[in-house]
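**Q** Sharing a structure, written as structure tokens. Questions coming.
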Amino acid sequence: MMQQSHVASTVRCTYIMATTAVPKLWRIGGVFVTTMAPFYIYRRAYCSSTVTNKTPSLVLYQYQTCPFCCKTRAFLNYYGLQYQIVEVNPLSRKEIKFSKYKKVPLLTAGDVQVNDSSLIASVLRSSMILGKPVSRVLNMYPEIEFYDATNKTPVKERANKYFLMYGERSTPPLNELREEREWREWVDTHLVHTFSPNIYRTLRESWQAFQYISEVGNFNPLERAAARYFGTIMMYFIGKRIKKKYRLKEDVRQSLYDECNKWTAAIGKNRRYMGGDKPNLADLSVYGALTALEGLDTFDDMMKNTSIKKWYGSMKQCVDGHEGATDKQ
């Protein structure tokens with residue numbers, strides 16, 4: 001395990017790096033590869049202030065290239081929250097052995113654990129709005145259990161994870177709250193499903209993605225070769241299977257373009273962001289997920305062939321500049 005320190009503004013942040021991976025994993029030899037995101041490394045971790053004076057320090061357990069983890073980092077960075085990053089080793093997952101929940105992102109605030117990128121954003125933002133500690137706010141999101149007939153397994157879910165809690169404070173108009181919730185859910189259920197078929201669209205693009213993990217991953221020579229060669233071929237075919245599962249267009253790029261243009265059309269010409277003059281949680285979710293594509297042909301093509309470039313550039317400035325740091329209510 002390698003530990004690095006990063007500085008944002010004048011605040012020190014610790015970054016712990018093991019190996020890099022993403023949530024849905026397939027084993028090829030001794031290597032785990034993904035169907036969700038490119039192997040791209042951001043070597044930044046921003047920090048500034050905590051959620052409230054009552055909030056313990058935050059620790060984010062993640063896979064660096066996971067789009068859901070990218071969503072969480074976008075939220076934390078925009079609001080200038082101080083947090084520590086722990087990169088989870090996908091082989092042993094020893095960094096999260098303390099948890100029954102074995103997916104990422106996983107965030108701890110002292111003794112309190114919050115799972116799922118959407119729930120993390122809702123709980124932390126509600127903590128800011130209410131001025132209450134994370135432990136109390138989390139209780140406002142009760143966990144329910146139901147039976148998943150498709151996978152034939154019991155599932156635990158927090159049905160209201162896309163909702164924000166305002167308590168007695170004045171709330172935005174109901175249509176704005178509904179719009180924000182619906183587009184946050186759209187990111188999780190539609191947008192991200194266009195990623196893998198595009199990342200692994202051709203053997204060359206699949207090879208490009210696996211070059212990242214071979215360069216930055218903590219692997220021995222055999223594992224590195226397996227990731228480059230076997231992983232490239234396997235993920236090319238898995239991408240085709242995902243394309244069929246989610247009924248994407250024959251040209252999967254067009255499916256990604258359609259989703260991006262659908263998003264910008266929803267914002268319209270009279271708003272800078274979906275949140276108006278400043279980003280809301282839907283803006284941060286879309287932006288965060290799309291950052292997982294940076295550095296790949298998929299990202300370059302998306303910028304050239306959709307109307308998202310202007311919005312994306314503006315969002316990058318907001319997030320990198322921690323512009324939400326002054327908006328804690």
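Chain identifiers are assigned as A, B, and so on, following the order in which chains appear in the structure tokens; residues are numbered from 1 within each chain, and ligands are numbered from 1 in order of appearance.
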Using DSSP secondary structure from the backbone, list all strand (DSSP E or B) positions within segment 110-284 of chain A, as a PyMOL selection string.
**A** chain A and resi 112-115+144-148+153-157+273+276
**Q** Mind writing the picked residues with all heavy atoms as a CSV table (one decimal), in the first residue's frame?
**A**
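Just written: out-v2.csv:
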```csv
chain,number,residue,atom,x,y,z
A,112,VAL,N,-20.0,6.2,12.0
A,112,VAL,CA,-21.2,6.0,11.1
A,112,VAL,C,-20.7,5.7,9.7
A,112,VAL,O,-19.8,6.3,9.1
A,112,VAL,CB,-22.0,7.3,11.1
A,112,VAL,CG1,-23.2,7.1,10.2
A,112,VAL,CG2,-22.4,7.7,12.5
A,113,GLN,N,-21.4,4.7,9.1
A,113,GLN,CA,-21.1,4.2,7.8
A,113,GLN,C,-22.2,4.5,6.8
A,113,GLN,O,-23.4,4.2,7.1
A,113,GLN,CB,-20.8,2.7,7.7
A,113,GLN,CG,-20.4,2.2,6.4
A,113,GLN,CD,-20.1,0.7,6.4
A,113,GLN,OE1,-19.4,0.2,7.4
A,113,GLN,NE2,-20.5,-0.1,5.5
A,114,VAL,N,-22.0,5.1,5.7
A,114,VAL,CA,-23.0,5.4,4.7
A,114,VAL,C,-22.6,4.7,3.4
A,114,VAL,O,-21.5,4.9,2.9
A,114,VAL,CB,-23.2,6.9,4.5
A,114,VAL,CG1,-24.4,7.2,3.6
A,114,VAL,CG2,-23.3,7.6,5.8
A,115,ASN,N,-23.5,3.9,2.8
A,115,ASN,CA,-23.2,3.2,1.6
A,115,ASN,C,-24.0,3.7,0.4
A,115,ASN,O,-25.1,4.3,0.6
A,115,ASN,CB,-23.6,1.7,1.8
A,115,ASN,CG,-23.0,1.1,3.0
A,115,ASN,OD1,-21.9,1.4,3.4
A,115,ASN,ND2,-23.8,0.2,3.7
A,144,ILE,N,-35.2,-0.7,3.9
A,144,ILE,CA,-36.2,-1.7,3.7
A,144,ILE,C,-35.7,-2.9,3.0
A,144,ILE,O,-34.7,-2.8,2.2
A,144,ILE,CB,-37.4,-1.1,3.0
A,144,ILE,CG1,-37.0,-0.6,1.5
A,144,ILE,CG2,-38.0,0.1,3.7
A,144,ILE,CD1,-38.1,-0.2,0.7
A,145,GLU,N,-36.3,-4.0,3.2
A,145,GLU,CA,-35.9,-5.2,2.5
A,145,GLU,C,-37.0,-5.8,1.6
A,145,GLU,O,-38.2,-5.8,2.1
A,145,GLU,CB,-35.4,-6.3,3.5
A,145,GLU,CG,-34.9,-7.6,2.9
A,145,GLU,CD,-34.2,-8.5,3.9
A,145,GLU,OE1,-33.9,-8.0,5.0
A,145,GLU,OE2,-34.0,-9.7,3.6
A,146,PHE,N,-36.7,-6.2,0.4
A,146,PHE,CA,-37.7,-6.7,-0.5
A,146,PHE,C,-37.0,-7.9,-1.3
A,146,PHE,O,-35.8,-8.0,-1.3
A,146,PHE,CB,-38.3,-5.7,-1.4
A,146,PHE,CG,-37.3,-5.0,-2.3
A,146,PHE,CD1,-37.0,-5.5,-3.6
A,146,PHE,CD2,-36.6,-3.9,-1.8
A,146,PHE,CE1,-36.1,-4.8,-4.4
A,146,PHE,CE2,-35.6,-3.2,-2.7
A,146,PHE,CZ,-35.4,-3.7,-3.9
A,147,TYR,N,-37.9,-8.6,-2.0
A,147,TYR,CA,-37.4,-9.8,-2.7
A,147,TYR,C,-37.3,-9.4,-4.2
A,147,TYR,O,-38.2,-8.9,-4.8
A,147,TYR,CB,-38.4,-10.9,-2.6
A,147,TYR,CG,-37.9,-12.2,-3.3
A,147,TYR,CD1,-36.9,-13.0,-2.7
A,147,TYR,CD2,-38.4,-12.6,-4.5
A,147,TYR,CE1,-36.4,-14.1,-3.3
A,147,TYR,CE2,-38.0,-13.8,-5.1
A,147,TYR,CZ,-37.0,-14.5,-4.5
A,147,TYR,OH,-36.5,-15.7,-5.1
A,148,ASP,N,-36.1,-9.6,-4.7
A,148,ASP,CA,-35.8,-9.3,-6.1
A,148,ASP,C,-36.1,-10.6,-6.9
A,148,ASP,O,-35.4,-11.6,-6.9
A,148,ASP,CB,-34.3,-9.0,-6.3
A,148,ASP,CG,-34.0,-8.6,-7.8
A,148,ASP,OD1,-34.8,-8.9,-8.7
A,148,ASP,OD2,-32.9,-8.0,-8.0
A,153,THR,N,-33.2,-13.0,-5.1
A,153,THR,CA,-32.4,-12.8,-3.8
A,153,THR,C,-33.1,-11.6,-3.1
A,153,THR,O,-33.7,-10.7,-3.7
A,153,THR,CB,-31.0,-12.4,-4.1
A,153,THR,OG1,-31.0,-11.2,-5.0
A,153,THR,CG2,-30.2,-13.5,-4.8
A,154,PRO,N,-33.0,-11.6,-1.7
A,154,PRO,CA,-33.5,-10.5,-0.9
A,154,PRO,C,-32.6,-9.3,-1.1
A,154,PRO,O,-31.4,-9.4,-1.2
A,154,PRO,CB,-33.4,-11.0,0.5
A,154,PRO,CG,-32.4,-12.1,0.5
A,154,PRO,CD,-32.5,-12.7,-0.9
A,155,VAL,N,-33.1,-8.1,-1.2
A,155,VAL,CA,-32.4,-6.9,-1.4
A,155,VAL,C,-32.7,-5.9,-0.4
A,155,VAL,O,-33.9,-5.7,0.0
A,155,VAL,CB,-32.7,-6.3,-2.8
A,155,VAL,CG1,-32.0,-5.0,-3.0
A,155,VAL,CG2,-32.3,-7.3,-3.9
A,156,LYS,N,-31.7,-5.2,0.2
A,156,LYS,CA,-31.9,-4.1,1.1
A,156,LYS,C,-31.7,-2.8,0.4
A,156,LYS,O,-30.7,-2.6,-0.3
A,156,LYS,CB,-31.0,-4.2,2.3
A,156,LYS,CG,-31.3,-5.4,3.2
A,156,LYS,CD,-30.4,-5.5,4.4
A,156,LYS,CE,-30.8,-6.6,5.3
A,156,LYS,NZ,-29.9,-6.6,6.5
A,157,GLU,N,-32.6,-1.9,0.6
A,157,GLU,CA,-32.6,-0.6,-0.2
A,157,GLU,C,-33.1,0.5,0.7
A,157,GLU,O,-34.0,0.3,1.6
A,157,GLU,CB,-33.4,-0.7,-1.5
A,157,GLU,CG,-33.3,0.5,-2.3
A,157,GLU,CD,-32.0,0.8,-2.9
A,157,GLU,OE1,-31.2,1.5,-2.1
A,157,GLU,OE2,-31.6,0.4,-4.0
A,273,TYR,N,-27.2,25.7,-15.2
A,273,TYR,CA,-27.2,24.3,-14.7
A,273,TYR,C,-28.6,23.9,-14.4
A,273,TYR,O,-29.5,24.7,-14.5
A,273,TYR,CB,-26.4,24.3,-13.4
A,273,TYR,CG,-25.1,24.9,-13.4
A,273,TYR,CD1,-24.8,26.1,-12.8
A,273,TYR,CD2,-24.0,24.2,-14.0
A,273,TYR,CE1,-23.5,26.7,-12.8
A,273,TYR,CE2,-22.7,24.8,-14.1
A,273,TYR,CZ,-22.5,26.0,-13.5
A,273,TYR,OH,-21.3,26.6,-13.5
A,276,GLY,N,-30.0,25.9,-11.8
A,276,GLY,CA,-30.2,27.3,-12.1
A,276,GLY,C,-28.8,28.0,-12.2
A,276,GLY,O,-28.0,27.7,-13.1
```
**Q** Need to verify the contact set: Val137 of chain A, 9 Å, only C-alpha atoms, exclusion of same-chain residues closer than 3 positions in sequence. Can you return it as number ranges by chain?
**A** A: 123-124, 126-127, 130, 132-134, 140-141, 165
**Q** Taking only segment 93-164 of chain A into account, list the residues labelled alpha helix (DSSP H) by DSSP (computed from the backbone), as number ranges by chain.
**A** A: 117-130, 134-138
**Q** Since we have the selection now, will you write its residues out, keeping N, CA and C atoms, as a compact mmCIF listing (two decimals), in the first residue's frame?
**A**
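Contents of selection-v1.txt, as written:
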```
# COMPACT_ATOMS: atom_id res chain seq x y z
N SER A 117 -23.50 5.77 -3.53
CA SER A 117 -23.14 7.14 -3.90
C SER A 117 -24.30 8.11 -3.77
N SER A 118 -25.49 7.69 -4.16
CA SER A 118 -26.65 8.60 -4.08
C SER A 118 -27.04 8.86 -2.64
N LEU A 119 -26.99 7.83 -1.81
CA LEU A 119 -27.32 8.01 -0.40
C LEU A 119 -26.28 8.90 0.29
N ILE A 120 -25.02 8.71 -0.05
CA ILE A 120 -23.96 9.53 0.54
C ILE A 120 -24.22 11.01 0.27
N ALA A 121 -24.53 11.33 -0.99
CA ALA A 121 -24.78 12.72 -1.34
C ALA A 121 -26.01 13.27 -0.61
N SER A 122 -27.08 12.48 -0.54
CA SER A 122 -28.30 12.94 0.11
C SER A 122 -28.10 13.16 1.61
N VAL A 123 -27.41 12.24 2.25
CA VAL A 123 -27.20 12.35 3.69
C VAL A 123 -26.31 13.54 4.02
N LEU A 124 -25.21 13.70 3.29
CA LEU A 124 -24.29 14.80 3.59
C LEU A 124 -24.92 16.15 3.27
N ARG A 125 -25.64 16.22 2.15
CA ARG A 125 -26.28 17.50 1.83
C ARG A 125 -27.37 17.83 2.84
N SER A 126 -28.14 16.83 3.25
CA SER A 126 -29.18 17.07 4.26
C SER A 126 -28.57 17.47 5.59
N SER A 127 -27.39 16.92 5.90
CA SER A 127 -26.69 17.30 7.13
C SER A 127 -26.33 18.78 7.09
N MET A 128 -25.92 19.27 5.92
CA MET A 128 -25.60 20.69 5.78
C MET A 128 -26.85 21.54 5.97
N ILE A 129 -27.93 21.14 5.31
CA ILE A 129 -29.17 21.92 5.34
C ILE A 129 -29.73 22.00 6.76
N LEU A 130 -29.76 20.87 7.44
CA LEU A 130 -30.37 20.80 8.77
C LEU A 130 -29.43 21.23 9.88
N VAL A 134 -24.28 13.58 10.80
CA VAL A 134 -24.60 12.52 9.84
C VAL A 134 -25.35 11.38 10.51
N SER A 135 -24.98 11.04 11.72
CA SER A 135 -25.62 9.92 12.43
C SER A 135 -27.12 10.12 12.57
N ARG A 136 -27.55 11.34 12.87
CA ARG A 136 -28.97 11.63 13.02
C ARG A 136 -29.68 11.68 11.68
N VAL A 137 -29.02 12.25 10.70
CA VAL A 137 -29.64 12.37 9.38
C VAL A 137 -29.82 11.00 8.73
N LEU A 138 -28.87 10.10 8.91
CA LEU A 138 -28.97 8.77 8.31
C LEU A 138 -30.22 8.03 8.77
```
**Q** Have a look at atom CA of Gly313 of chain A and atom CA of Phe75 of chain A and let me know their distance in Å, one decimal.
**A**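 Taking atom CA of Gly313 of chain A and atom CA of Phe75 of chain A, their separation equals 16.1 Å.
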**Q** Skip Leu106 of chain A itself and residues of its chain fewer than 6 positions away, then list as a PyMOL selection string all residues within 12 Å of it, counting only C-alpha atoms.
**A** chain A and resi 23+58-63+68-69+72-73+84-88+95-100+112-121
**Q** Restrict the selected residues to N, CA, C and O atoms and save them as a compact mmCIF listing (two decimals), in the first residue's frame.
**A**
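Once everything was written out, this is part_8.txt:
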```txt
# COMPACT_ATOMS: atom_id res chain seq x y z
N PRO A 23 -16.53 -1.25 -9.81
CA PRO A 23 -17.41 -2.08 -9.03
C PRO A 23 -17.73 -3.46 -9.54
O PRO A 23 -17.65 -4.40 -8.77
N LEU A 58 -14.30 12.54 7.45
CA LEU A 58 -14.88 11.64 6.46
C LEU A 58 -13.79 10.79 5.82
O LEU A 58 -12.71 11.29 5.50
N VAL A 59 -14.09 9.52 5.61
CA VAL A 59 -13.17 8.61 4.93
C VAL A 59 -13.95 7.94 3.80
O VAL A 59 -14.99 7.32 4.03
N LEU A 60 -13.46 8.08 2.57
CA LEU A 60 -14.10 7.49 1.40
C LEU A 60 -13.32 6.27 0.94
O LEU A 60 -12.15 6.36 0.59
N TYR A 61 -13.98 5.13 0.94
CA TYR A 61 -13.41 3.88 0.43
C TYR A 61 -13.90 3.73 -1.00
O TYR A 61 -15.10 3.74 -1.26
N GLN A 62 -12.98 3.57 -1.93
CA GLN A 62 -13.36 3.68 -3.33
C GLN A 62 -12.52 2.83 -4.26
O GLN A 62 -11.47 2.30 -3.90
N TYR A 63 -13.00 2.71 -5.50
CA TYR A 63 -12.20 2.32 -6.66
C TYR A 63 -12.08 3.60 -7.48
O TYR A 63 -13.09 4.21 -7.84
N PHE A 68 -19.48 5.62 -9.97
CA PHE A 68 -20.23 5.95 -8.76
C PHE A 68 -19.31 6.59 -7.72
O PHE A 68 -19.71 7.49 -6.99
N CYS A 69 -18.07 6.15 -7.68
CA CYS A 69 -17.09 6.79 -6.79
C CYS A 69 -16.73 8.17 -7.32
O CYS A 69 -16.52 9.11 -6.54
N THR A 72 -19.27 10.56 -6.13
CA THR A 72 -19.08 10.93 -4.72
C THR A 72 -17.97 11.96 -4.58
O THR A 72 -18.09 12.94 -3.84
N ARG A 73 -16.87 11.76 -5.28
CA ARG A 73 -15.77 12.71 -5.20
C ARG A 73 -16.18 14.08 -5.74
O ARG A 73 -15.78 15.12 -5.21
N GLN A 84 -10.63 11.76 3.58
CA GLN A 84 -9.48 10.89 3.29
C GLN A 84 -9.93 9.83 2.31
O GLN A 84 -11.04 9.30 2.40
N ILE A 85 -9.09 9.53 1.33
CA ILE A 85 -9.39 8.50 0.34
C ILE A 85 -8.61 7.22 0.66
O ILE A 85 -7.40 7.26 0.87
N VAL A 86 -9.32 6.12 0.70
CA VAL A 86 -8.69 4.81 0.84
C VAL A 86 -9.01 4.01 -0.42
O VAL A 86 -10.18 3.69 -0.68
N GLU A 87 -8.01 3.72 -1.20
CA GLU A 87 -8.19 2.93 -2.42
C GLU A 87 -8.28 1.45 -2.05
O GLU A 87 -7.37 0.90 -1.43
N VAL A 88 -9.38 0.83 -2.38
CA VAL A 88 -9.63 -0.55 -1.99
C VAL A 88 -8.99 -1.51 -2.98
O VAL A 88 -9.12 -1.35 -4.20
N GLU A 95 -9.24 -3.59 2.88
CA GLU A 95 -9.51 -2.26 3.42
C GLU A 95 -10.94 -2.11 3.92
O GLU A 95 -11.24 -1.24 4.73
N ILE A 96 -11.85 -2.96 3.42
CA ILE A 96 -13.25 -2.87 3.87
C ILE A 96 -13.71 -4.17 4.53
O ILE A 96 -14.90 -4.47 4.55
N LYS A 97 -12.78 -4.90 5.10
CA LYS A 97 -13.15 -6.12 5.81
C LYS A 97 -14.02 -5.83 7.04
O LYS A 97 -14.73 -6.70 7.53
N PHE A 98 -13.93 -4.61 7.53
CA PHE A 98 -14.74 -4.24 8.70
C PHE A 98 -16.22 -4.13 8.35
O PHE A 98 -17.07 -4.08 9.24
N SER A 99 -16.54 -4.08 7.06
CA SER A 99 -17.91 -3.81 6.62
C SER A 99 -18.60 -5.05 6.05
O SER A 99 -17.99 -5.82 5.30
N LYS A 100 -19.87 -5.22 6.37
CA LYS A 100 -20.67 -6.27 5.76
C LYS A 100 -21.02 -5.90 4.32
O LYS A 100 -21.26 -6.76 3.49
N VAL A 112 -20.00 6.17 11.96
CA VAL A 112 -21.18 6.02 11.10
C VAL A 112 -20.74 5.66 9.69
O VAL A 112 -19.83 6.28 9.13
N GLN A 113 -21.38 4.66 9.10
CA GLN A 113 -21.06 4.23 7.75
C GLN A 113 -22.24 4.51 6.83
O GLN A 113 -23.39 4.21 7.14
N VAL A 114 -21.96 5.10 5.67
CA VAL A 114 -22.98 5.39 4.68
C VAL A 114 -22.58 4.72 3.38
O VAL A 114 -21.47 4.94 2.88
N ASN A 115 -23.47 3.92 2.81
CA ASN A 115 -23.19 3.17 1.59
C ASN A 115 -24.00 3.75 0.42
O ASN A 115 -25.09 4.28 0.63
N ASP A 116 -23.46 3.61 -0.78
CA ASP A 116 -24.15 4.01 -2.01
C ASP A 116 -23.91 5.49 -2.30
O ASP A 116 -24.13 6.35 -1.45
N SER A 117 -23.50 5.77 -3.53
CA SER A 117 -23.14 7.14 -3.90
C SER A 117 -24.30 8.11 -3.77
O SER A 117 -24.12 9.26 -3.32
N SER A 118 -25.49 7.69 -4.16
CA SER A 118 -26.65 8.60 -4.08
C SER A 118 -27.04 8.86 -2.64
O SER A 118 -27.40 9.99 -2.28
N LEU A 119 -26.99 7.83 -1.81
CA LEU A 119 -27.32 8.01 -0.40
C LEU A 119 -26.28 8.90 0.29
O LEU A 119 -26.63 9.76 1.11
N ILE A 120 -25.02 8.71 -0.05
CA ILE A 120 -23.96 9.53 0.54
C ILE A 120 -24.22 11.01 0.27
O ILE A 120 -24.17 11.85 1.17
N ALA A 121 -24.53 11.33 -0.99
CA ALA A 121 -24.78 12.72 -1.34
C ALA A 121 -26.01 13.27 -0.61
O ALA A 121 -25.99 14.40 -0.10
```
**Q** What separation in Å, quoted to one decimal, exists between atom CA of Glu176 of chain A and atom CA of Ile267 of chain A?
**A** 11.6 Å
**Q** Can you list, as a list in words, every protein, DNA or RNA residue that comes within 10 Å of segment 269-272 of chain A when you count only C-alpha atoms, leaving out same-chain residues fewer than 3 positions away?
**A**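 Non-adjacent residues within range: Thr264, Ala265, Ala266, Gly275, Gly276, Asp277, Lys278, Pro279, Lys310, Trp311, Ser314 and Met315 of chain A.
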**Q** Output N, CA and C atoms of each residue in that selection to a file, as a PDB file, in the first residue's frame.
**A**
```
ATOM      1  N   THR A 264     -28.723  17.859 -21.629  1.00  0.00           N
ATOM      2  CA  THR A 264     -28.595  19.288 -21.907  1.00  0.00           C
ATOM      3  C   THR A 264     -29.926  19.888 -22.351  1.00  0.00           C
ATOM      4  N   ALA A 265     -30.755  19.090 -23.040  1.00  0.00           N
ATOM      5  CA  ALA A 265     -32.076  19.579 -23.436  1.00  0.00           C
ATOM      6  C   ALA A 265     -32.941  19.821 -22.207  1.00  0.00           C
ATOM      7  N   ALA A 266     -32.790  18.979 -21.192  1.00  0.00           N
ATOM      8  CA  ALA A 266     -33.562  19.142 -19.958  1.00  0.00           C
ATOM      9  C   ALA A 266     -33.156  20.415 -19.221  1.00  0.00           C
ATOM     10  N   GLY A 275     -29.615  23.169 -11.655  1.00  0.00           N
ATOM     11  CA  GLY A 275     -29.902  23.870 -10.408  1.00  0.00           C
ATOM     12  C   GLY A 275     -30.083  25.363 -10.580  1.00  0.00           C
ATOM     13  N   GLY A 276     -30.005  25.865 -11.826  1.00  0.00           N
ATOM     14  CA  GLY A 276     -30.152  27.303 -12.070  1.00  0.00           C
ATOM     15  C   GLY A 276     -28.808  27.992 -12.190  1.00  0.00           C
ATOM     16  N   ASP A 277     -28.547  28.921 -11.292  1.00  0.00           N
ATOM     17  CA  ASP A 277     -27.273  29.653 -11.322  1.00  0.00           C
ATOM     18  C   ASP A 277     -26.130  28.858 -10.704  1.00  0.00           C
ATOM     19  N   LYS A 278     -26.446  27.811  -9.968  1.00  0.00           N
ATOM     20  CA  LYS A 278     -25.424  26.955  -9.370  1.00  0.00           C
ATOM     21  C   LYS A 278     -25.858  25.499  -9.469  1.00  0.00           C
ATOM     22  N   PRO A 279     -24.911  24.579  -9.478  1.00  0.00           N
ATOM     23  CA  PRO A 279     -25.251  23.168  -9.649  1.00  0.00           C
ATOM     24  C   PRO A 279     -26.092  22.626  -8.500  1.00  0.00           C
ATOM     25  N   LYS A 310     -19.977  22.730 -23.161  1.00  0.00           N
ATOM     26  CA  LYS A 310     -20.020  23.984 -22.424  1.00  0.00           C
ATOM     27  C   LYS A 310     -20.421  23.756 -20.967  1.00  0.00           C
ATOM     28  N   TRP A 311     -21.472  22.952 -20.764  1.00  0.00           N
ATOM     29  CA  TRP A 311     -21.926  22.645 -19.399  1.00  0.00           C
ATOM     30  C   TRP A 311     -20.833  21.906 -18.632  1.00  0.00           C
ATOM     31  N   SER A 314     -18.016  24.186 -17.523  1.00  0.00           N
ATOM     32  CA  SER A 314     -18.449  25.041 -16.422  1.00  0.00           C
ATOM     33  C   SER A 314     -18.505  24.258 -15.116  1.00  0.00           C
ATOM     34  N   MET A 315     -18.974  23.015 -15.195  1.00  0.00           N
ATOM     35  CA  MET A 315     -19.029  22.161 -14.003  1.00  0.00           C
ATOM     36  C   MET A 315     -17.636  21.858 -13.476  1.00  0.00           C
TER      37      MET A 315
END
```
**Q** For Leu164 of chain A, which of A:Trp183, A:Leu281, A:Tyr312, A:Ala109 is the closest residue, counting only C-alpha atoms?
**A**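 For Leu164 of chain A, the nearest of the candidates is A:Leu281.
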**Q** Which one of A:Tyr212, A:Tyr78, A:Tyr200, A:Phe163 sits closest to Phe237 of chain A if you count only C-alpha atoms?
**A**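 Going through A:Tyr212, A:Tyr78, A:Tyr200, A:Phe163 one by one, the smallest distance to Phe237 of chain A is for A:Tyr200.
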**Q** With only C-alpha atoms as the counted atoms, please give the residues lying no more than 12 Å from Met303 of chain A, apart from itself and same-chain residues fewer than 6 positions off, as a list of chain:residue names.
**A** A:Arg253, A:Leu256, A:Tyr257, A:Cys260, A:Asn261, A:Leu290, A:Thr291, A:Leu293, A:Glu294, A:Gly295, A:Leu296, A:Asp297, A:Lys309, A:Lys310, A:Trp311, A:Tyr312, A:Gly313
**Q** Keeping N, CA, C and O atoms for every residue in the selection just given, could you write it to a file as a compact mmCIF listing (two decimals), in the first residue's frame?
**A**
```
# COMPACT_ATOMS: atom_id res chain seq x y z
N ARG A 253 -22.11 4.56 -29.60
CA ARG A 253 -21.75 5.96 -29.38
C ARG A 253 -23.01 6.83 -29.43
O ARG A 253 -23.18 7.75 -28.64
N LEU A 256 -24.87 6.89 -26.19
CA LEU A 256 -24.25 7.81 -25.25
C LEU A 256 -24.55 9.25 -25.62
O LEU A 256 -24.90 10.07 -24.77
N TYR A 257 -24.43 9.57 -26.91
CA TYR A 257 -24.73 10.93 -27.36
C TYR A 257 -26.16 11.31 -27.04
O TYR A 257 -26.43 12.44 -26.60
N CYS A 260 -26.55 12.20 -23.40
CA CYS A 260 -25.94 13.50 -23.10
C CYS A 260 -26.80 14.65 -23.61
O CYS A 260 -27.00 15.66 -22.91
N ASN A 261 -27.32 14.50 -24.83
CA ASN A 261 -28.16 15.55 -25.39
C ASN A 261 -29.50 15.64 -24.68
O ASN A 261 -30.09 16.73 -24.57
N LEU A 290 -19.51 11.24 -15.59
CA LEU A 290 -18.83 11.44 -16.87
C LEU A 290 -17.32 11.61 -16.72
O LEU A 290 -16.57 11.33 -17.66
N THR A 291 -16.87 12.06 -15.56
CA THR A 291 -15.42 12.19 -15.38
C THR A 291 -14.73 10.84 -15.47
O THR A 291 -13.52 10.79 -15.73
N LEU A 293 -14.91 8.87 -17.76
CA LEU A 293 -14.56 8.63 -19.16
C LEU A 293 -13.36 9.45 -19.62
O LEU A 293 -12.84 9.22 -20.72
N GLU A 294 -12.92 10.41 -18.83
CA GLU A 294 -11.83 11.28 -19.26
C GLU A 294 -10.58 10.48 -19.60
O GLU A 294 -10.24 9.52 -18.93
N GLY A 295 -9.90 10.90 -20.65
CA GLY A 295 -8.67 10.25 -21.06
C GLY A 295 -8.86 9.18 -22.10
O GLY A 295 -7.89 8.61 -22.59
N LEU A 296 -10.13 8.91 -22.48
CA LEU A 296 -10.42 7.87 -23.47
C LEU A 296 -11.03 8.46 -24.73
O LEU A 296 -11.55 9.58 -24.72
N ASP A 297 -11.01 7.68 -25.81
CA ASP A 297 -11.63 8.12 -27.05
C ASP A 297 -13.11 8.41 -26.85
O ASP A 297 -13.66 9.32 -27.48
N LYS A 309 -20.42 19.99 -23.97
CA LYS A 309 -19.09 20.52 -23.68
C LYS A 309 -19.12 21.78 -22.83
O LYS A 309 -18.35 21.90 -21.86
N LYS A 310 -19.98 22.73 -23.16
CA LYS A 310 -20.02 23.98 -22.42
C LYS A 310 -20.42 23.76 -20.97
O LYS A 310 -19.79 24.29 -20.05
N TRP A 311 -21.47 22.95 -20.76
CA TRP A 311 -21.93 22.64 -19.40
C TRP A 311 -20.83 21.91 -18.63
O TRP A 311 -20.55 22.22 -17.47
N TYR A 312 -20.20 20.95 -19.29
CA TYR A 312 -19.16 20.14 -18.62
C TYR A 312 -17.99 21.02 -18.18
O TYR A 312 -17.49 20.89 -17.06
N GLY A 313 -17.56 21.91 -19.05
CA GLY A 313 -16.45 22.79 -18.71
C GLY A 313 -16.79 23.70 -17.54
O GLY A 313 -15.95 23.95 -16.66
```
